[in-house]
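Engineer: Please read through the structure below; I'll follow up with questions.
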Amino acid sequence: MRHLLSLADFSKKEILEILEIAKNLKTEFKKGFYSKPLENKILGMIFEKNSTRTRVSFESGIYQLGGCGIFLSSNDTQLSRGEPIKDTARVLSSMVDLIMMRTSDHARLEEFAHYSKVPLINGLSDDFHPTQLLADYLTMQECGKDKDPVVAYIGDGNNMAHSWLMLASKMGFTLKIASPKGYEVKNEIYQKALEFAKISGAKISLMQDPKEAIKDADVVTTDTWASMGQEDEKKERIKAFSGYCVDSELLALSKKDSIFLHCLPAYRGQEVSEEVLEGTQSKIFLEAENRLHAQKGAMVWLHQNR
Ligand code: CP
Ligand code: NVA
């Protein structure tokens with residue numbers, strides 16, 4: 001049984017296969033035609049954290065594929081009353097064909113996957129956000145930035161930074177991550193990326209200086225300084241990340257035709273300036289739209305390879 005908890009579990013070939021399906025489905029979508037490869041299939045969607053894009057893209061996506069989505073807020077299920085993950089996993093997976101789960105601790109996803117009889121998709125955990133990165137790579141492909149690109153990630157060593165490490169190390173491109181001291185990526189995930197990079201030829205480096213990271217980059221990206229669950233640290237984080245805002249001055253150090261990506265939601269004036277977010281290099285809304293298509297590709301691929 002294949003699950004999508006992190007891109008670490010996927011080969012370059014498999015990632016490209018998912019995106020090939022996504023592109024075909026996007027072409028159909030643009031023509032207003034739906035071939036419904038998941039007719040009558042049910043997707044269960046467990047949300048233990050808030051969401052706009054992930055929820056709507058999965059729910060619209062499964063409908064467009066011919067199936068149906070069930071939104072399960074943790075507040076309304078027995079999970080919040082303490083029903084064990086292993087029981088929930090066995091019950092739900094006897095009733096639906098695919099499950100997507102957004103949670104905090106990545107170990108909850110691993111436990112769920114262990115007991116699930118159907119493919120489980122990580123809709124974001126504190127460690128990884130793999131479906132976002134499928135959409136990000138699709139956006140890079142569409143913008144002609146997938147041939148040996150140099151990607152600069154400026155900011156927190158969080159789930160997005162970890163996911164970029166997995167994508168770069170699988171696809172074999174250059175990734176430079178600049179984070180302030182104390183907010184670096186997890187060492188075990190970095191080490192894993194270095195192992196994958198030995199095979200793919202990816203060049204991965206960590207640094208503190210955002211100017212060094214962004215120099216000559218083809219793709220520039222960042223994420224919020226305080227992720228969901230870190231709201232109490234907001235004040236100290238804003239202080240620690242001073243100098244890490246992707247503004248026009250910083251972006252000017254990247255290649256002239258570089259693109260700017262952000263998974264959203266964005267905090268204007270913090271990790272990115274209004275000018276960059278709304279500027280011509282920003283591809284954030286194409287990136288957000290591509291969540292729909294990339295995830296449809298992932299759902300079809302997982303169903304075909306279950
Ligand atoms: N990028 C992303 O996952 O957005 P949501 O939190 O709105 O789902
Ligand atoms: N790092 C952010 C991503 C939101 C899509 C968070 O985990 O809140």
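Chains: A, B, ... in order of the structure tokens. Residues: from 1 per chain. Ligands: from 1, in order shown.
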Just list the residues in region 213-243 of chain A DSSP gives strand (DSSP E) on the backbone, as a ChimeraX atom specification.

Structural biologist: /A:219-222

Engineer: Find the spatial neighbours of Val150 (chain A), counting only C-alpha atoms, within a cut-off of 8 Å - ignore same-chain residues fewer than 2 positions away - and output them as a list of chain:residue names.

Structural biologist: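 Those residues are A:Asp148, A:Ala152, A:Phe173, A:Thr174, A:Leu175, A:Lys176, A:Asp216, A:Ala217, A:Asp218, A:Val219.
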
Engineer: May I ask for the distance between CA of Glu20 (chain A) and CA of Gly297 (chain A), given in Å to one decimal place?

Structural biologist: 7.6 Å

Engineer: Select from chain A every residue with an atom at most 7 Å from any atom of ligand 2, then for each give the shortest pair of atoms and their distance in Å to one decimal, using only C-alpha atoms and all ligand atoms, rows by chain and rising number, as JSON lines.

Structural biologist:
```
{"residue": "A:Leu124", "atom": "CA", "partner": "ligand 2", "partner_atom_place_in_ligand_line": "7 (O)", "distance": 6.9}
{"residue": "A:Ser125", "atom": "CA", "partner": "ligand 2", "partner_atom_place_in_ligand_line": "7 (O)", "distance": 7.0}
{"residue": "A:Asp126", "atom": "CA", "partner": "ligand 2", "partner_atom_place_in_ligand_line": "7 (O)", "distance": 6.0}
{"residue": "A:Asn158", "atom": "CA", "partner": "ligand 2", "partner_atom_place_in_ligand_line": "1 (N)", "distance": 6.0}
{"residue": "A:Asn159", "atom": "CA", "partner": "ligand 2", "partner_atom_place_in_ligand_line": "1 (N)", "distance": 5.6}
{"residue": "A:Met160", "atom": "CA", "partner": "ligand 2", "partner_atom_place_in_ligand_line": "1 (N)", "distance": 5.7}
{"residue": "A:Asp223", "atom": "CA", "partner": "ligand 2", "partner_atom_place_in_ligand_line": "1 (N)", "distance": 6.1}
{"residue": "A:Thr224", "atom": "CA", "partner": "ligand 2", "partner_atom_place_in_ligand_line": "1 (N)", "distance": 5.9}
{"residue": "A:Ala226", "atom": "CA", "partner": "ligand 2", "partner_atom_place_in_ligand_line": "8 (O)", "distance": 7.0}
{"residue": "A:Ser227", "atom": "CA", "partner": "ligand 2", "partner_atom_place_in_ligand_line": "8 (O)", "distance": 3.5}
{"residue": "A:Met228", "atom": "CA", "partner": "ligand 2", "partner_atom_place_in_ligand_line": "8 (O)", "distance": 3.8}
{"residue": "A:Cys263", "atom": "CA", "partner": "ligand 2", "partner_atom_place_in_ligand_line": "5 (C)", "distance": 5.8}
{"residue": "A:Leu264", "atom": "CA", "partner": "ligand 2", "partner_atom_place_in_ligand_line": "5 (C)", "distance": 5.9}
{"residue": "A:Pro265", "atom": "CA", "partner": "ligand 2", "partner_atom_place_in_ligand_line": "5 (C)", "distance": 6.4}
```

Engineer: Please, which residues have at least one atom within 10 Å of an atom of ligand 1, using only C-alpha atoms and all ligand atoms, listed as a count of residues only?

Structural biologist: 32

Engineer: For Asp247 (chain A), please output as a PyMOL selection string all residues within 7 Å (counting only C-alpha atoms; exclusion window: fewer than 4 positions along the same chain).

Structural biologist: chain A and resi 251+272-273+276

Engineer: Could you write out that same residue set with N, CA, C and O atoms as a compact mmCIF listing (two decimals), in the first residue's frame?

Structural biologist:
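out-v2.txt was written with the following content:
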```txt
# COMPACT_ATOMS: atom_id res chain seq x y z
N LEU A 251 14.94 40.65 -3.65
CA LEU A 251 14.58 39.91 -4.87
C LEU A 251 15.45 40.34 -6.05
O LEU A 251 15.75 39.54 -6.94
N VAL A 272 7.38 38.53 3.43
CA VAL A 272 7.39 39.05 2.05
C VAL A 272 6.72 40.42 2.02
O VAL A 272 5.77 40.67 2.77
N SER A 273 7.23 41.28 1.14
CA SER A 273 6.62 42.61 1.02
C SER A 273 5.41 42.53 0.09
O SER A 273 5.31 41.65 -0.77
N VAL A 276 6.45 42.62 -3.63
CA VAL A 276 6.91 41.35 -4.22
C VAL A 276 5.73 40.41 -4.44
O VAL A 276 5.57 39.81 -5.51
```

Engineer: Do you know which residues are at most 8 Å from region 62-64 of chain A counting only C-alpha atoms, after dropping those on the same chain fewer than 2 positions away, and could you put them as a PyMOL selection string?

Structural biologist: chain A and resi 34+36+38+42-43+58-60+66-69+296

Engineer: Quick one: write out the picked residues with N, CA and C atoms as a compact mmCIF listing (two decimals), in the first residue's frame?

Structural biologist:
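Final output, again.txt:
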```txt
# COMPACT_ATOMS: atom_id res chain seq x y z
N TYR A 34 -14.46 16.48 -17.78
CA TYR A 34 -13.94 15.66 -16.66
C TYR A 34 -14.07 14.18 -17.01
N LYS A 36 -13.36 11.62 -15.06
CA LYS A 36 -13.83 10.88 -13.86
C LYS A 36 -13.14 9.53 -13.59
N LEU A 38 -11.94 8.51 -10.90
CA LEU A 38 -12.22 8.00 -9.55
C LEU A 38 -13.73 8.00 -9.27
N ILE A 42 -14.57 7.52 -2.58
CA ILE A 42 -14.78 8.47 -1.48
C ILE A 42 -13.45 8.85 -0.86
N LEU A 43 -13.26 10.16 -0.68
CA LEU A 43 -12.08 10.68 0.02
C LEU A 43 -12.50 11.20 1.40
N PHE A 58 -8.79 19.66 -2.35
CA PHE A 58 -9.07 18.22 -2.25
C PHE A 58 -10.55 17.94 -2.48
N GLU A 59 -11.40 18.79 -1.91
CA GLU A 59 -12.85 18.52 -2.03
C GLU A 59 -13.31 18.74 -3.46
N SER A 60 -12.89 19.85 -4.09
CA SER A 60 -13.25 20.09 -5.50
C SER A 60 -12.63 19.00 -6.36
N GLY A 66 -14.91 12.47 -10.16
CA GLY A 66 -16.08 11.58 -10.19
C GLY A 66 -16.45 11.01 -8.83
N GLY A 67 -15.69 11.40 -7.80
CA GLY A 67 -15.95 10.86 -6.47
C GLY A 67 -16.57 11.88 -5.54
N CYS A 68 -16.40 11.65 -4.26
CA CYS A 68 -17.05 12.49 -3.27
C CYS A 68 -16.12 12.65 -2.06
N GLY A 69 -16.10 13.83 -1.46
CA GLY A 69 -15.24 14.07 -0.29
C GLY A 69 -16.06 14.23 0.97
N LYS A 296 -5.12 16.20 -7.69
CA LYS A 296 -5.91 15.26 -8.49
C LYS A 296 -4.96 14.21 -9.08
```

Engineer: List the spatial neighbours of Leu302 (chain A) as an MDAnalysis selection string - criterion: any atom at most 12 Å away, only C-alpha atoms, same-chain residues fewer than 5 positions off excluded.

Structural biologist: chainID A and resid 1:5 10 14:15 17:18 21 37:38 97:100 118:121 295:297

Engineer: Using DSSP secondary structure from the backbone, list all alpha helix (DSSP H) positions within region 99-210 of chain A, as an NGL selection string.

Structural biologist: :A and (106-115 or 130-142 or 159-171 or 187-200 or 210)

Engineer: Grab the residues selected above and save them as a compact mmCIF listing (two decimals), in the first residue's frame with N, CA and C atoms.

Structural biologist:
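Saved result, part_30.txt, follows:
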```txt
# COMPACT_ATOMS: atom_id res chain seq x y z
N HIS A 106 3.91 14.56 12.99
CA HIS A 106 4.02 13.68 11.82
C HIS A 106 3.83 12.21 12.21
N ALA A 107 4.18 11.89 13.46
CA ALA A 107 4.05 10.49 13.93
C ALA A 107 2.58 10.03 13.91
N ARG A 108 1.64 10.97 14.03
CA ARG A 108 0.21 10.60 13.95
C ARG A 108 -0.12 10.07 12.56
N LEU A 109 0.48 10.70 11.55
CA LEU A 109 0.26 10.25 10.16
C LEU A 109 0.87 8.86 9.95
N GLU A 110 2.06 8.69 10.50
CA GLU A 110 2.74 7.40 10.33
C GLU A 110 1.94 6.28 10.98
N GLU A 111 1.40 6.56 12.16
CA GLU A 111 0.59 5.56 12.85
C GLU A 111 -0.70 5.28 12.07
N PHE A 112 -1.31 6.35 11.57
CA PHE A 112 -2.55 6.20 10.79
C PHE A 112 -2.27 5.34 9.56
N ALA A 113 -1.18 5.65 8.87
CA ALA A 113 -0.84 4.91 7.65
C ALA A 113 -0.62 3.43 7.94
N HIS A 114 0.01 3.15 9.08
CA HIS A 114 0.30 1.77 9.46
C HIS A 114 -0.99 0.95 9.57
N TYR A 115 -2.04 1.58 10.10
CA TYR A 115 -3.30 0.86 10.32
C TYR A 115 -4.31 1.03 9.20
N PRO A 130 3.80 17.73 1.54
CA PRO A 130 4.20 17.24 0.21
C PRO A 130 3.29 17.63 -0.95
N THR A 131 1.97 17.75 -0.71
CA THR A 131 1.09 18.08 -1.84
C THR A 131 1.33 19.52 -2.30
N GLN A 132 1.74 20.37 -1.36
CA GLN A 132 2.09 21.76 -1.73
C GLN A 132 3.28 21.75 -2.69
N LEU A 133 4.25 20.90 -2.40
CA LEU A 133 5.46 20.86 -3.23
C LEU A 133 5.21 20.26 -4.61
N LEU A 134 4.21 19.36 -4.71
CA LEU A 134 3.84 18.86 -6.03
C LEU A 134 3.30 20.02 -6.86
N ALA A 135 2.48 20.86 -6.22
CA ALA A 135 1.93 22.04 -6.92
C ALA A 135 3.03 23.04 -7.25
N ASP A 136 3.99 23.17 -6.36
CA ASP A 136 5.09 24.12 -6.58
C ASP A 136 5.95 23.67 -7.77
N TYR A 137 6.20 22.36 -7.84
CA TYR A 137 7.02 21.87 -8.96
C TYR A 137 6.25 21.96 -10.28
N LEU A 138 4.94 21.71 -10.23
CA LEU A 138 4.11 21.87 -11.44
C LEU A 138 4.19 23.33 -11.92
N THR A 139 4.17 24.26 -10.97
CA THR A 139 4.25 25.68 -11.30
C THR A 139 5.63 26.00 -11.90
N MET A 140 6.67 25.40 -11.34
CA MET A 140 8.02 25.60 -11.89
C MET A 140 8.08 25.07 -13.32
N GLN A 141 7.48 23.91 -13.54
CA GLN A 141 7.47 23.33 -14.90
C GLN A 141 6.75 24.28 -15.87
N GLU A 142 5.59 24.77 -15.44
CA GLU A 142 4.79 25.64 -16.32
C GLU A 142 5.49 26.96 -16.60
N ASN A 159 8.03 23.05 8.03
CA ASN A 159 7.52 22.00 7.14
C ASN A 159 7.74 22.33 5.65
N MET A 160 7.66 23.62 5.29
CA MET A 160 7.89 23.97 3.88
C MET A 160 9.37 23.81 3.51
N ALA A 161 10.25 24.27 4.38
CA ALA A 161 11.68 24.12 4.11
C ALA A 161 12.05 22.64 4.01
N HIS A 162 11.50 21.82 4.91
CA HIS A 162 11.77 20.38 4.86
C HIS A 162 11.26 19.77 3.56
N SER A 163 10.11 20.25 3.12
CA SER A 163 9.53 19.69 1.89
C SER A 163 10.34 20.11 0.67
N TRP A 164 10.87 21.34 0.70
CA TRP A 164 11.77 21.76 -0.39
C TRP A 164 13.03 20.89 -0.40
N LEU A 165 13.52 20.53 0.80
CA LEU A 165 14.70 19.65 0.87
C LEU A 165 14.41 18.32 0.18
N MET A 166 13.21 17.79 0.41
CA MET A 166 12.85 16.50 -0.20
C MET A 166 12.71 16.65 -1.71
N LEU A 167 12.03 17.71 -2.16
CA LEU A 167 11.83 17.90 -3.60
C LEU A 167 13.17 18.07 -4.32
N ALA A 168 14.00 18.96 -3.80
CA ALA A 168 15.29 19.23 -4.46
C ALA A 168 16.16 17.98 -4.50
N SER A 169 16.19 17.24 -3.38
CA SER A 169 17.09 16.09 -3.31
C SER A 169 16.58 14.94 -4.17
N LYS A 170 15.29 14.89 -4.44
CA LYS A 170 14.75 13.85 -5.33
C LYS A 170 14.91 14.26 -6.80
N MET A 171 14.63 15.53 -7.09
CA MET A 171 14.65 15.97 -8.50
C MET A 171 16.06 16.33 -8.96
N ASN A 187 18.03 18.68 11.59
CA ASN A 187 19.23 18.04 11.06
C ASN A 187 18.95 16.67 10.44
N GLU A 188 18.06 15.88 11.07
CA GLU A 188 17.82 14.52 10.53
C GLU A 188 17.20 14.59 9.12
N ILE A 189 16.38 15.63 8.87
CA ILE A 189 15.75 15.75 7.54
C ILE A 189 16.79 16.25 6.53
N TYR A 190 17.65 17.16 6.98
CA TYR A 190 18.75 17.65 6.13
C TYR A 190 19.67 16.49 5.73
N GLN A 191 20.00 15.63 6.72
CA GLN A 191 20.88 14.49 6.44
C GLN A 191 20.24 13.53 5.43
N LYS A 192 18.94 13.34 5.58
CA LYS A 192 18.21 12.48 4.64
C LYS A 192 18.30 13.06 3.22
N ALA A 193 18.14 14.39 3.14
CA ALA A 193 18.21 15.06 1.83
C ALA A 193 19.61 14.89 1.23
N LEU A 194 20.64 14.97 2.07
CA LEU A 194 22.00 14.80 1.55
C LEU A 194 22.22 13.40 1.01
N GLU A 195 21.58 12.41 1.65
CA GLU A 195 21.67 11.02 1.16
C GLU A 195 21.03 10.92 -0.22
N PHE A 196 19.80 11.48 -0.36
CA PHE A 196 19.12 11.44 -1.67
C PHE A 196 19.93 12.21 -2.72
N ALA A 197 20.56 13.30 -2.26
CA ALA A 197 21.31 14.15 -3.20
C ALA A 197 22.50 13.41 -3.81
N LYS A 198 23.04 12.43 -3.08
CA LYS A 198 24.17 11.65 -3.61
C LYS A 198 23.72 10.92 -4.87
N ILE A 199 22.45 10.52 -4.92
CA ILE A 199 21.94 9.78 -6.08
C ILE A 199 21.50 10.76 -7.17
N SER A 200 20.79 11.83 -6.78
CA SER A 200 20.21 12.73 -7.79
C SER A 200 21.17 13.79 -8.29
N PRO A 210 20.52 35.71 3.88
CA PRO A 210 19.54 35.63 2.80
C PRO A 210 20.09 36.15 1.46
```
